[in-house]
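Everything below belongs to input_5.cif, which stores mmCIF, C-alpha atoms and all ligand atoms.
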```cif
data_my_file
#
loop_
_atom_site.label_atom_id
_atom_site.label_comp_id
_atom_site.auth_asym_id
_atom_site.auth_seq_id
_atom_site.Cartn_x
_atom_site.Cartn_y
_atom_site.Cartn_z
CA MET A 3 -27.88 49.55 7.95
CA LYS A 4 -29.16 46.07 8.84
CA ILE A 5 -29.49 44.15 12.09
CA PHE A 6 -29.27 40.34 12.12
CA ALA A 7 -30.88 38.85 15.23
CA ALA A 8 -30.88 35.20 16.29
CA GLU A 9 -31.22 32.95 19.34
CA TYR A 10 -27.44 32.78 19.51
CA VAL A 11 -24.57 35.04 18.53
CA LEU A 12 -21.08 33.53 18.84
CA PRO A 13 -18.58 36.38 18.45
CA VAL A 14 -15.63 33.94 19.08
CA ALA A 15 -13.39 36.69 20.52
CA SER A 16 -15.86 37.04 23.42
CA ASP A 17 -18.51 34.94 25.20
CA PRO A 18 -21.61 33.64 23.40
CA ILE A 19 -24.72 35.83 23.54
CA GLN A 20 -28.19 34.36 23.95
CA ASP A 21 -30.83 36.32 22.00
CA GLY A 22 -28.23 38.41 20.29
CA ALA A 23 -27.85 40.71 17.32
CA VAL A 24 -25.17 41.93 14.94
CA VAL A 25 -25.47 45.40 13.40
CA VAL A 26 -24.01 45.78 9.90
CA ASN A 27 -23.43 49.09 8.17
CA GLY A 28 -22.04 48.81 4.65
CA ASP A 29 -19.20 46.29 4.79
CA ARG A 30 -18.52 46.63 8.54
CA ILE A 31 -19.87 45.42 11.86
CA ILE A 32 -20.90 48.40 13.99
CA GLY A 33 -22.62 46.62 16.87
CA VAL A 34 -22.67 43.20 18.56
CA GLY A 35 -24.69 42.42 21.65
CA GLY A 36 -28.05 41.47 23.14
CA ARG A 37 -31.46 42.71 21.99
CA ASP A 38 -30.59 46.17 23.36
CA VAL A 39 -28.44 46.86 20.28
CA ILE A 40 -31.65 46.69 18.20
CA ALA A 41 -33.20 49.49 20.27
CA ALA A 42 -30.02 51.52 19.85
CA HIS A 43 -30.49 51.59 16.05
CA PRO A 44 -34.21 52.31 15.54
CA GLN A 45 -33.87 53.15 11.80
CA ALA A 46 -32.18 49.86 10.91
CA GLU A 47 -34.00 47.00 9.17
CA VAL A 48 -34.11 43.96 11.48
CA VAL A 49 -33.68 40.46 10.00
CA GLU A 50 -34.97 37.85 12.45
CA LEU A 51 -33.11 34.55 11.94
CA GLY A 52 -34.80 32.63 14.77
CA ALA A 53 -33.36 29.28 15.92
CA ALA A 54 -29.86 29.85 14.58
CA ALA A 55 -26.36 30.91 15.55
CA ILE A 56 -24.64 33.89 13.93
CA LEU A 57 -20.89 33.20 13.65
CA PRO A 58 -17.92 34.83 11.99
CA GLY A 59 -17.51 33.32 8.50
CA PHE A 60 -15.48 30.14 8.22
CA VAL A 61 -11.95 30.48 6.84
CA ASN A 62 -10.86 27.61 4.59
CA CYS A 63 -7.06 27.75 4.77
CA HIS A 64 -6.25 25.15 2.12
CA SER A 65 -8.19 24.47 -1.07
CA HIS A 66 -7.65 23.81 -4.77
CA LEU A 67 -10.84 25.13 -6.34
CA GLU A 68 -9.55 24.40 -9.85
CA LEU A 69 -9.75 20.66 -9.09
CA THR A 70 -13.48 20.66 -8.31
CA SER A 71 -14.36 18.68 -11.45
CA LEU A 72 -12.12 15.83 -10.20
CA ARG A 73 -14.35 15.12 -7.20
CA ASN A 74 -14.70 11.33 -6.70
CA ALA A 75 -12.38 10.73 -9.69
CA LEU A 76 -9.24 9.57 -7.91
CA ASP A 77 -10.52 7.57 -4.96
CA ASP A 78 -9.23 4.31 -6.45
CA VAL A 79 -5.55 5.38 -6.33
CA GLU A 80 -5.54 7.06 -2.93
CA GLN A 81 -3.53 4.27 -1.35
CA ASP A 82 -0.52 5.29 -3.48
CA PHE A 83 0.19 9.01 -3.02
CA SER A 84 2.71 9.38 -5.84
CA ALA A 85 0.33 7.56 -8.25
CA TRP A 86 -2.45 9.90 -7.04
CA LEU A 87 -0.32 13.01 -7.72
CA LEU A 88 0.65 11.77 -11.20
CA ARG A 89 -2.95 10.82 -12.11
CA LEU A 90 -4.11 14.21 -10.84
CA ASN A 91 -1.66 16.03 -13.09
CA GLY A 92 -2.70 13.85 -16.03
CA LEU A 93 -6.41 14.54 -15.52
CA ARG A 94 -5.85 18.26 -14.95
CA ALA A 95 -3.88 18.48 -18.20
CA GLU A 96 -6.93 17.15 -20.10
CA LEU A 97 -9.14 20.03 -18.96
CA ASN A 98 -9.33 23.26 -20.95
CA ASP A 99 -9.30 26.71 -19.33
CA ASP A 100 -13.09 27.14 -19.54
CA GLU A 101 -13.74 23.77 -17.91
CA ILE A 102 -11.34 24.61 -15.08
CA LYS A 103 -12.92 28.02 -14.58
CA ALA A 104 -16.43 26.55 -14.49
CA ALA A 105 -15.35 23.90 -11.98
CA ALA A 106 -13.70 26.49 -9.73
CA ILE A 107 -16.94 28.50 -9.64
CA LEU A 108 -18.86 25.40 -8.51
CA GLY A 109 -16.25 24.89 -5.78
CA ALA A 110 -16.55 28.48 -4.60
CA GLN A 111 -20.36 28.17 -4.57
CA GLU A 112 -20.06 24.97 -2.52
CA GLY A 113 -17.86 26.90 -0.06
CA ALA A 114 -20.29 29.81 0.20
CA ALA A 115 -23.15 27.38 0.87
CA ALA A 116 -21.01 25.77 3.60
CA GLY A 117 -20.49 29.12 5.34
CA VAL A 118 -16.96 29.71 4.06
CA THR A 119 -16.35 33.44 3.60
CA CYS A 120 -12.59 33.32 2.96
CA PHE A 121 -10.41 30.86 1.03
CA ALA A 122 -6.65 30.40 0.88
CA ASP A 123 -6.70 28.74 -2.53
CA ILE A 124 -3.86 27.23 -4.54
CA GLY A 125 -3.94 27.03 -8.32
CA ARG A 126 -1.61 25.72 -10.97
CA MET A 127 -4.05 27.76 -13.08
CA GLY A 128 -4.34 30.60 -10.54
CA PHE A 129 -6.68 32.53 -12.84
CA ALA A 130 -9.45 29.98 -12.20
CA GLY A 131 -9.54 30.39 -8.41
CA LEU A 132 -9.25 34.17 -8.71
CA HIS A 133 -12.14 34.33 -11.17
CA ALA A 134 -14.27 32.00 -9.02
CA LEU A 135 -13.83 33.92 -5.75
CA LYS A 136 -14.68 37.17 -7.54
CA GLU A 137 -17.73 35.70 -9.28
CA VAL A 138 -19.18 34.30 -6.05
CA GLY A 139 -18.24 37.38 -3.97
CA LEU A 140 -15.90 35.62 -1.56
CA ARG A 141 -12.79 36.90 0.16
CA GLY A 142 -9.43 35.17 -0.13
CA ILE A 143 -5.88 34.76 -1.26
CA VAL A 144 -5.21 32.86 -4.48
CA HIS A 145 -1.71 31.40 -4.58
CA GLN A 146 -0.14 30.80 -7.98
CA GLU A 147 1.53 27.38 -7.77
CA THR A 148 4.89 26.31 -9.20
CA GLU A 149 5.20 23.65 -11.92
CA PHE A 150 7.23 20.43 -11.42
CA ALA A 151 10.60 22.13 -10.79
CA PRO A 152 12.85 19.94 -8.63
CA GLU A 153 16.16 20.88 -10.29
CA ASP A 154 18.38 23.86 -9.47
CA ALA A 155 19.63 23.92 -13.07
CA ASN A 156 16.42 25.54 -14.41
CA ALA A 157 15.32 27.35 -11.25
CA GLU A 158 15.79 30.84 -12.77
CA GLU A 159 13.59 29.92 -15.72
CA HIS A 160 10.85 28.54 -13.45
CA PHE A 161 11.04 31.60 -11.21
CA ALA A 162 10.72 34.01 -14.13
CA LYS A 163 7.65 32.12 -15.42
CA LEU A 164 6.09 32.07 -11.95
CA VAL A 165 6.59 35.81 -11.40
CA ASP A 166 5.13 36.46 -14.82
CA LYS A 167 1.94 34.56 -13.96
CA PHE A 168 1.85 36.23 -10.55
CA GLU A 169 2.09 39.74 -12.05
CA GLN A 170 -0.72 38.94 -14.49
CA LEU A 171 -2.94 37.63 -11.70
CA ARG A 172 -2.18 40.63 -9.57
CA GLU A 173 -3.83 42.89 -12.11
CA GLY A 174 -7.08 41.15 -11.15
CA GLU A 175 -6.75 41.77 -7.40
CA THR A 176 -9.65 43.44 -5.61
CA ASP A 177 -10.31 44.67 -2.06
CA LEU A 178 -11.53 41.14 -1.28
CA VAL A 179 -9.20 38.92 -3.27
CA ARG A 180 -5.42 39.07 -3.17
CA VAL A 181 -2.73 37.02 -4.87
CA GLY A 182 0.13 35.00 -3.40
CA LEU A 183 2.54 32.25 -4.39
CA SER A 184 2.75 28.55 -3.67
CA PRO A 185 6.01 26.67 -4.07
CA HIS A 186 4.23 23.29 -4.19
CA ALA A 187 6.27 20.98 -1.94
CA PRO A 188 9.86 20.16 -0.87
CA TYR A 189 10.04 17.31 -3.43
CA THR A 190 8.83 19.27 -6.49
CA VAL A 191 10.62 22.60 -5.92
CA SER A 192 14.41 22.90 -6.00
CA SER A 193 16.25 24.57 -3.14
CA ARG A 194 17.35 27.42 -5.42
CA LEU A 195 13.76 28.08 -6.50
CA PHE A 196 12.59 27.93 -2.87
CA GLU A 197 15.20 30.52 -1.91
CA MET A 198 14.19 32.87 -4.73
CA ILE A 199 10.49 32.62 -3.87
CA ALA A 200 11.20 33.20 -0.16
CA GLN A 201 13.26 36.32 -0.91
CA PHE A 202 10.58 37.59 -3.28
CA SER A 203 7.92 36.98 -0.64
CA ILE A 204 9.84 38.83 2.08
CA LEU A 205 10.83 41.79 -0.08
CA ASN A 206 7.41 42.28 -1.66
CA ARG A 207 5.24 41.13 1.27
CA VAL A 208 3.67 38.39 -0.83
CA PRO A 209 1.93 35.59 1.10
CA ILE A 210 3.19 32.07 0.38
CA THR A 211 1.81 28.63 1.16
CA ILE A 212 3.53 25.22 0.88
CA HIS A 213 2.53 21.56 1.21
CA ALA A 214 4.95 20.39 3.90
CA GLY A 215 5.32 17.27 6.00
CA GLU A 216 2.26 15.75 4.37
CA SER A 217 3.23 12.07 4.34
CA ALA A 218 5.63 9.50 5.77
CA SER A 219 6.92 8.91 2.23
CA GLU A 220 7.84 12.60 1.83
CA HIS A 221 9.54 12.42 5.24
CA GLU A 222 11.50 9.34 4.14
CA LEU A 223 12.55 11.00 0.89
CA LEU A 224 13.73 14.15 2.68
CA THR A 225 15.44 12.48 5.63
CA ARG A 226 16.94 9.44 3.86
CA GLY A 227 16.70 10.04 0.12
CA THR A 228 14.80 6.81 -0.50
CA GLY A 229 11.34 5.76 -1.70
CA PHE A 230 8.40 7.85 -2.92
CA PHE A 231 9.48 10.14 -5.77
CA THR A 232 12.86 8.53 -6.53
CA ASP A 233 11.24 6.47 -9.34
CA VAL A 234 9.73 9.62 -10.82
CA TYR A 235 13.09 11.43 -10.65
CA GLU A 236 14.77 8.48 -12.31
CA LYS A 237 12.13 8.22 -15.01
CA TYR A 238 12.51 11.89 -15.93
CA GLY A 239 16.30 11.95 -15.41
CA VAL A 240 15.97 14.50 -12.61
CA GLU A 241 18.95 15.18 -10.34
CA TRP A 242 17.64 15.59 -6.81
CA TYR A 243 19.67 15.40 -3.61
CA SER A 244 18.11 14.63 -0.27
CA PRO A 245 18.87 17.27 2.39
CA HIS A 246 18.84 14.49 5.05
CA CYS A 247 16.63 16.44 7.42
CA THR A 248 12.90 16.83 8.02
CA PRO A 249 10.85 18.86 5.52
CA ILE A 250 10.28 21.62 8.10
CA GLU A 251 13.98 21.81 8.98
CA TYR A 252 14.79 21.92 5.27
CA LEU A 253 12.46 24.90 4.82
CA GLU A 254 14.09 26.63 7.78
CA ARG A 255 17.61 26.03 6.43
CA MET A 256 16.67 27.59 3.08
CA GLY A 257 15.28 30.69 4.78
CA VAL A 258 11.73 29.82 3.73
CA LEU A 259 10.28 29.78 7.25
CA ALA A 260 11.51 33.37 7.69
CA ALA A 261 8.90 34.35 5.07
CA ARG A 262 6.26 33.14 7.58
CA PRO A 263 4.63 30.72 5.13
CA LEU A 264 1.30 29.00 5.61
CA LEU A 265 2.30 25.31 5.86
CA ALA A 266 -0.33 22.84 4.76
CA HIS A 267 -0.61 19.44 6.50
CA CYS A 268 2.49 19.17 8.80
CA VAL A 269 1.45 15.59 9.63
CA THR A 270 5.05 14.46 10.17
CA ALA A 271 6.12 17.56 12.14
CA SER A 272 8.24 16.52 15.13
CA GLU A 273 8.29 18.35 18.44
CA THR A 274 11.38 20.25 17.24
CA ASP A 275 9.59 21.07 13.97
CA VAL A 276 6.65 22.49 15.94
CA ALA A 277 9.12 24.73 17.82
CA ARG A 278 10.68 25.79 14.49
CA ILE A 279 7.27 26.70 13.07
CA ALA A 280 6.39 28.66 16.22
CA SER A 281 9.66 30.56 16.55
CA ASN A 282 9.54 31.68 12.91
CA GLY A 283 5.93 32.83 13.16
CA ALA A 284 4.87 30.48 10.36
CA ALA A 285 1.28 29.21 10.30
CA VAL A 286 -0.39 25.85 9.66
CA ALA A 287 -3.36 24.83 7.51
CA HIS A 288 -4.60 21.70 9.28
CA CYS A 289 -6.32 19.30 6.85
CA PRO A 290 -7.29 16.29 8.99
CA LYS A 291 -9.86 14.75 6.64
CA SER A 292 -7.64 14.86 3.56
CA ASN A 293 -4.77 13.40 5.61
CA ALA A 294 -6.97 10.59 6.91
CA LYS A 295 -8.38 9.90 3.44
CA PHE A 296 -4.81 9.17 2.24
CA GLY A 297 -3.97 7.30 5.44
CA HIS A 298 -1.19 9.82 6.07
CA GLY A 299 -1.74 10.16 9.80
CA THR A 300 -2.60 13.11 12.02
CA ALA A 301 -0.78 16.39 12.54
CA PRO A 302 0.15 17.25 16.16
CA PHE A 303 -2.83 19.59 16.24
CA GLU A 304 -3.12 20.49 19.91
CA GLN A 305 0.67 20.70 20.21
CA LEU A 306 0.76 23.31 17.46
CA LEU A 307 -2.00 25.30 19.21
CA ASP A 308 -0.26 25.04 22.57
CA ALA A 309 3.01 26.23 21.00
CA GLY A 310 1.17 29.41 19.94
CA VAL A 311 1.15 28.60 16.22
CA ALA A 312 -1.68 30.18 14.20
CA VAL A 313 -3.64 27.13 12.99
CA GLY A 314 -6.61 27.19 10.63
CA LEU A 315 -8.56 24.39 8.95
CA GLY A 316 -8.29 23.39 5.31
CA SER A 317 -10.62 21.17 3.32
CA ASP A 318 -7.92 20.49 0.69
CA SER A 319 -9.30 19.74 -2.76
CA VAL A 320 -12.51 17.81 -3.27
CA ALA A 321 -10.37 15.42 -5.37
CA SER A 322 -9.11 14.04 -2.05
CA ASN A 323 -11.60 15.15 0.64
CA ASN A 324 -14.69 14.94 -1.60
CA VAL A 325 -16.46 17.82 0.22
CA CYS A 326 -15.76 21.34 1.44
CA ASP A 327 -17.45 21.35 4.85
CA ILE A 328 -15.56 23.26 7.53
CA ILE A 329 -17.98 22.22 10.31
CA GLU A 330 -17.30 18.57 9.49
CA GLU A 331 -13.57 19.35 9.25
CA ALA A 332 -13.65 20.97 12.71
CA ARG A 333 -15.54 18.03 14.20
CA PHE A 334 -13.14 15.56 12.62
CA ALA A 335 -10.09 17.59 13.75
CA SER A 336 -11.30 17.45 17.34
CA LEU A 337 -12.11 13.72 17.23
CA VAL A 338 -8.86 12.57 15.64
CA SER A 339 -6.75 14.74 17.90
CA ARG A 340 -8.45 13.21 20.96
CA ASN A 341 -7.94 9.73 19.53
CA ARG A 342 -4.33 10.18 18.33
CA PRO A 343 -1.68 8.18 20.20
CA GLY A 344 0.25 10.72 22.25
CA SER A 345 -2.63 13.20 22.29
CA ARG A 346 -1.96 15.82 24.98
CA ARG A 347 -5.51 16.95 25.68
CA PHE A 348 -9.04 17.26 24.30
CA ALA A 349 -9.78 19.96 21.77
CA THR A 350 -13.19 21.38 22.73
CA ALA A 351 -16.08 22.47 20.50
CA ARG A 352 -15.57 26.11 21.47
CA GLU A 353 -11.88 25.87 20.62
CA MET A 354 -12.70 24.24 17.28
CA LEU A 355 -15.07 27.08 16.38
CA GLU A 356 -12.21 29.50 17.07
CA VAL A 357 -9.78 27.50 14.91
CA ALA A 358 -12.34 27.42 12.05
CA THR A 359 -12.77 31.22 12.14
CA LEU A 360 -10.29 33.42 14.02
CA GLY A 361 -7.54 30.77 13.88
CA GLY A 362 -7.81 30.69 10.10
CA ALA A 363 -7.81 34.50 9.96
CA ARG A 364 -4.63 34.57 12.06
CA ALA A 365 -3.02 31.92 9.86
CA LEU A 366 -3.67 34.18 6.84
CA GLN A 367 -2.57 37.28 8.80
CA MET A 368 -6.02 38.74 8.23
CA ASP A 369 -7.23 38.78 11.84
CA GLN A 370 -7.26 42.59 12.02
CA GLU A 371 -10.13 42.51 9.53
CA ILE A 372 -11.93 39.17 9.89
CA GLY A 373 -12.26 36.07 12.09
CA SER A 374 -14.52 37.34 14.86
CA LEU A 375 -17.67 39.41 15.34
CA GLU A 376 -16.28 42.66 16.67
CA VAL A 377 -17.13 46.29 16.08
CA GLY A 378 -14.95 47.64 13.29
CA LYS A 379 -14.30 44.28 11.64
CA GLN A 380 -15.57 43.29 8.20
CA ALA A 381 -19.13 41.95 8.12
CA ASP A 382 -18.25 38.36 7.16
CA LEU A 383 -21.01 36.28 8.76
CA THR A 384 -22.23 32.71 8.67
CA VAL A 385 -25.61 31.71 10.04
CA VAL A 386 -26.04 28.08 11.15
CA SER A 387 -29.59 27.01 11.76
CA VAL A 388 -30.15 24.83 14.84
CA GLU A 389 -33.75 23.85 14.20
CA SER A 390 -33.39 20.30 12.90
CA ALA A 391 -34.26 17.26 15.03
CA ALA A 392 -30.61 16.13 14.86
CA GLN A 393 -29.50 19.27 16.70
CA LYS A 394 -32.15 19.57 19.41
CA PRO A 395 -32.20 20.27 22.28
CA VAL A 396 -29.43 22.86 22.16
CA ASN A 397 -27.94 22.34 25.60
CA ASP A 398 -24.55 23.68 24.56
CA ILE A 399 -24.45 25.92 21.50
CA HIS A 400 -20.78 25.26 20.68
CA ALA A 401 -21.37 21.50 20.81
CA ALA A 402 -24.55 21.92 18.74
CA VAL A 403 -22.66 23.75 15.98
CA ILE A 404 -19.44 21.68 15.95
CA PHE A 405 -20.62 18.20 16.95
CA ALA A 406 -24.27 18.11 15.77
CA SER A 407 -24.29 20.22 12.58
CA ASN A 408 -22.79 20.18 9.10
CA ALA A 409 -22.55 22.42 6.03
CA ARG A 410 -26.18 21.71 5.10
CA ASP A 411 -27.33 23.53 8.24
CA VAL A 412 -25.85 26.82 6.99
CA LYS A 413 -28.74 29.14 6.10
CA MET A 414 -26.93 32.33 5.16
CA THR A 415 -23.40 33.48 4.34
CA MET A 416 -22.32 37.10 4.01
CA VAL A 417 -19.04 38.66 2.91
CA ALA A 418 -18.28 42.35 3.53
CA GLY A 419 -21.97 43.00 4.23
CA LYS A 420 -23.21 41.31 1.04
CA PRO A 421 -25.06 37.98 1.06
CA VAL A 422 -23.24 35.32 -1.01
CA TYR A 423 -25.56 32.47 -0.06
CA GLU A 424 -29.11 32.21 1.24
CA ARG A 425 -30.81 28.85 1.75
CA GLU A 426 -34.21 28.62 0.11
ZN ZN B 501 -3.25 20.62 -1.15
#
```

Could the structure of this file be written out as structure tokens, please?
Ligand SMILES: [Zn+2]
Amino acid sequence: MKIFAAEYVLPVASDPIQDGAVVVNGDRIIGVGGRDVIAAHPQAEVVELGAAAILPGFVNCHSHLELTSLRNALDDVEQDFSAWLLRLNGLRAELNDDEIKAAAILGAQEGAAAGVTCFADIGRMGFAGLHALKEVGLRGIVHQETEFAPEDANAEEHFAKLVDKFEQLREGETDLVRVGLSPHAPYTVSSRLFEMIAQFSILNRVPITIHAGESASEHELLTRGTGFFTDVYEKYGVEWYSPHCTPIEYLERMGVLAARPLLAHCVTASETDVARIASNGAAVAHCPKSNAKFGHGTAPFEQLLDAGVAVGLGSDSVASNNVCDIIEEARFASLVSRNRPGSRRFATAREMLEVATLGGARALQMDQEIGSLEVGKQADLTVVSVESAAQKPVNDIHAAVIFASNARDVKMTMVAGKPVYERE
């Protein structure tokens, strides 16, 4: 049994505690409170963390750990999303399995050092993300991604291959790391394949995540059948018919939203789309920095929250966002939502901390186990130091963590009671 004590404890599901402590026994939290919880467990070792805040671990709801070696490698084509996607696939194809695995480990280590305890990762080479999370000791779901499969004609073949990879990955599942599926996006997955994956997900309770409503060009392709990928379809002789509706409506029509997918981006989601997401109980991985980096715009963040949608934050790959820093992501999410034309209200620092932790846990349907510091939950903790000159004085601890800190202020990260990162 160990007790972690610090100037601040932010349980998220309840009010902040000044001079607080968290009691950990094995992989679980058995006490959260003021200094009195220390006296209640006289045999426990006490770890004094000083000027710091103990938080639930950050949940990164959208990453591609396998792309870590492509950091800063595609910045020159970001202004053209389809060129970016094609270059990405070209560069990824040049990497061998060992290089991809090594890169994914570096990405998972970067996450651990940034206070991320749980990843929802997507991998064309799912084995790399799975291996990386296990090596570093992190929690998460690794989603095996589809290949380029926009035609109904070979949907059965693609589905069989996908399930094959999924079954192989599943043999490597642990208590901490589970496996899911990712039909990549409405423009690379045929409707038939989408339907098969959705049915499989519902019948076998397999989590799925999809890039949806990411860009205006995707929206144009789906609603009008013009622009964006039409050149690529032509070049490869692909037959693809526009559904003439928004990406979110398309997913609903195919029965995909009924599988309660985690939808990444949702930048172009209309008010009706937000209602569709909410009524189906689907969730959103909000990736504001990646969206801004591509100039894609801003998702209706506070509208999604106010509609009761489970929203978590995603760094996306470092090939677009360049860093995995959930504190920076939370700060940026708040700022751009305040500054977005049509913004309904201000997202506060306290609310952003909740989105970065419990919101992400809800989005992954893991909030029974993680996302807040509560007795009985898993001991997934992040400790953010607040002793640097840039953070002082700490007049408001939520503002200090969200608006005056970044990943480099994380001093310790713990998953299921085991440290996965300790700053020297
Ligand atoms: Zn992505």

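Between CA of Leu72 (chain A) and CA of Gln111 (chain A) lies a distance of 15.9 Å.
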
key: All residues having an atom within 7 Å of ligand ZN 501 (chain B) (all atoms listed in the file) as a list in words   =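 The residues within 7 Å of ligand ZN 501 (chain B), counting all atoms listed in the file, are His64, Ser65, His66, His213, Ala266, Asp318 and Ser319 of chain A.
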
Neighbours of Leu178 (chain A) within 9 Å (all atoms listed in the file; same-chain residues fewer than 6 positions away dropped), as an mmCIF file with C-alpha atoms, in the coordinates of the input?
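Final output, part-v6.cif:
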```
data_model
loop_
_atom_site.group_PDB
_atom_site.id
_atom_site.type_symbol
_atom_site.label_atom_id
_atom_site.label_comp_id
_atom_site.auth_asym_id
_atom_site.auth_seq_id
_atom_site.Cartn_x
_atom_site.Cartn_y
_atom_site.Cartn_z
ATOM 1 C CA CYS A 120 -12.590 33.320 2.960
ATOM 2 C CA LEU A 135 -13.830 33.920 -5.750
ATOM 3 C CA LYS A 136 -14.680 37.170 -7.540
ATOM 4 C CA GLY A 139 -18.240 37.380 -3.970
ATOM 5 C CA LEU A 140 -15.900 35.620 -1.560
ATOM 6 C CA ARG A 141 -12.790 36.900 0.160
ATOM 7 C CA GLY A 142 -9.430 35.170 -0.130
ATOM 8 C CA ILE A 143 -5.880 34.760 -1.260
ATOM 9 C CA VAL A 417 -19.040 38.660 2.910
ATOM 10 C CA ALA A 418 -18.280 42.350 3.530
#
```

request  = Provide the CA of Gly22 (chain A) to CA of Glu112 (chain A) distance in Å, to one decimal place.
outcome  =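 It comes out at 27.7 Å.
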
task = Work out how far apart CA of Gly373 (chain A) and CA of Thr359 (chain A) are and give it in Å to one decimal.
result =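 Interatomic distance here is 4.9 Å.
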
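Using all atoms listed in the file, the smallest distance between any of A:Arg342, A:Arg194, A:Arg73, A:Lys167 and Cys326 (chain A) comes from A:Arg73.
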
ask   = Looking at A:Ser322, A:Gln170, A:Asn91, A:Thr211, which one is nearest to Glu147 (chain A), with distances taken over all atoms listed in the file?
value =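 Counting all atoms listed in the file, the residue closest to Glu147 (chain A) is A:Thr211.
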
Shortest interatomic distance to Val208 (chain A) - which of A:Ala401, A:Ala392, A:Val138, A:Leu183, counting all atoms listed in the file = A:Leu183

inquiry  = Residues within 12 Å of Ala294 (chain A), please, as a list in words. Count only C-alpha atoms; anything in the same chain fewer than 6 positions from it doesn't count.
reply    =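 Listed by chain and then number, they are Glu80, Gln81, Glu216, Ser217, His267, Val269, His288, Thr300, Ala301, Ser317, Asp318, Ser322, Asn323, Glu331, Phe334, Ala335, Leu337, Val338, Ser339 and Arg342 of chain A.
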
ask   = Counting all atoms listed in the file, which of A:Pro188, A:Gly131, A:Gly113, A:Gly316 gets nearest to Thr148 (chain A)?
value =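 The answer is A:Pro188, which sits nearest to Thr148 (chain A).
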
request  = Can you work out which one of A:Val49, A:Val118, A:Leu253, A:Ala391 has the shortest atom-to-atom distance to Gly362 (chain A), counting only C-alpha atoms?
outcome  =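 Checking each candidate against Gly362 (chain A), we get A:Val118 as the closest.
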
Spatial neighbours of Met127 (chain A), 10 Å, all atoms listed in the file, chain gap at least 5 places, as a ChimeraX atom specification = /A:66-69,94,99,102-103,132,145-148,167

ask   = Which residue gives the smallest distance to Gly182 (chain A) among A:Leu108, A:Leu12, A:Leu264, A:Ala351, with only C-alpha atoms counted?
value =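 Checking each candidate against Gly182 (chain A), we get A:Leu264 as the closest.
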
message = Using only C-alpha atoms, which protein or nucleic acid residues come within 10 Å of Arg410 (chain A)? Drop anything in the same chain fewer than 6 positions from it, and give the result as a PyMOL selection string.
response = chain A and resi 115-117+327+329+386-387+425

Take every atom of region 168-172 of chain A listed in the file, fit an axis-aligned box around them, add 3 Å per side, and give the centre and edge lengths in Å to one decimal as AutoDock Vina command-line options.
```
--center_x -0.4 --center_y 38.4 --center_z -12.0 --size_x 11.0 --size_y 10.4 --size_z 10.9
```

Got a sec: who's within 10 Å of Val240 (chain A), counting all atoms listed in the file, leaving out chain neighbours fewer than 4 positions off, as an mmCIF file with C-alpha atoms, keeping the file's coordinate frame?
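Final file, result.cif:
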```cif
data_model
loop_
_atom_site.group_PDB
_atom_site.id
_atom_site.type_symbol
_atom_site.label_atom_id
_atom_site.label_comp_id
_atom_site.auth_asym_id
_atom_site.auth_seq_id
_atom_site.Cartn_x
_atom_site.Cartn_y
_atom_site.Cartn_z
ATOM 1 C CA ALA A 151 10.600 22.130 -10.790
ATOM 2 C CA PRO A 152 12.850 19.940 -8.630
ATOM 3 C CA GLU A 153 16.160 20.880 -10.290
ATOM 4 C CA THR A 232 12.860 8.530 -6.530
ATOM 5 C CA ASP A 233 11.240 6.470 -9.340
ATOM 6 C CA VAL A 234 9.730 9.620 -10.820
ATOM 7 C CA TYR A 235 13.090 11.430 -10.650
ATOM 8 C CA GLU A 236 14.770 8.480 -12.310
#
```

task = Select, counting only C-alpha atoms, all protein, DNA and RNA residues no farther than 9 Å from (-31.2, 36.8, 21.4) in file coordinates, and express the selection as a ChimeraX atom specification.
result = /A:7-11,19-23,35-37,52

N, CA, C and O atoms for region 239-244 of chain A, written as a PDB file, in the frame of the given file, could you do that?
```pdb
ATOM      1  N   GLY A 239      14.889  11.572 -15.419  1.00  0.00           N
ATOM      2  CA  GLY A 239      16.300  11.950 -15.410  1.00  0.00           C
ATOM      3  C   GLY A 239      16.584  13.182 -14.561  1.00  0.00           C
ATOM      4  O   GLY A 239      17.445  14.002 -14.891  1.00  0.00           O
ATOM      5  N   VAL A 240      15.820  13.323 -13.468  1.00  0.00           N
ATOM      6  CA  VAL A 240      15.970  14.500 -12.610  1.00  0.00           C
ATOM      7  C   VAL A 240      17.069  14.262 -11.577  1.00  0.00           C
ATOM      8  O   VAL A 240      17.130  13.204 -10.961  1.00  0.00           O
ATOM      9  N   GLU A 241      17.939  15.261 -11.411  1.00  0.00           N
ATOM     10  CA  GLU A 241      18.950  15.180 -10.340  1.00  0.00           C
ATOM     11  C   GLU A 241      18.388  15.833  -9.097  1.00  0.00           C
ATOM     12  O   GLU A 241      18.098  17.028  -9.090  1.00  0.00           O
ATOM     13  N   TRP A 242      18.215  15.043  -8.046  1.00  0.00           N
ATOM     14  CA  TRP A 242      17.640  15.590  -6.810  1.00  0.00           C
ATOM     15  C   TRP A 242      18.398  15.001  -5.637  1.00  0.00           C
ATOM     16  O   TRP A 242      18.567  13.797  -5.531  1.00  0.00           O
ATOM     17  N   TYR A 243      18.889  15.867  -4.758  1.00  0.00           N
ATOM     18  CA  TYR A 243      19.670  15.400  -3.610  1.00  0.00           C
ATOM     19  C   TYR A 243      18.898  15.609  -2.325  1.00  0.00           C
ATOM     20  O   TYR A 243      18.394  16.701  -2.056  1.00  0.00           O
ATOM     21  N   SER A 244      18.825  14.538  -1.541  1.00  0.00           N
ATOM     22  CA  SER A 244      18.110  14.630  -0.270  1.00  0.00           C
ATOM     23  C   SER A 244      18.880  15.521   0.712  1.00  0.00           C
ATOM     24  O   SER A 244      20.092  15.396   0.847  1.00  0.00           O
TER      25      SER A 244
END
```
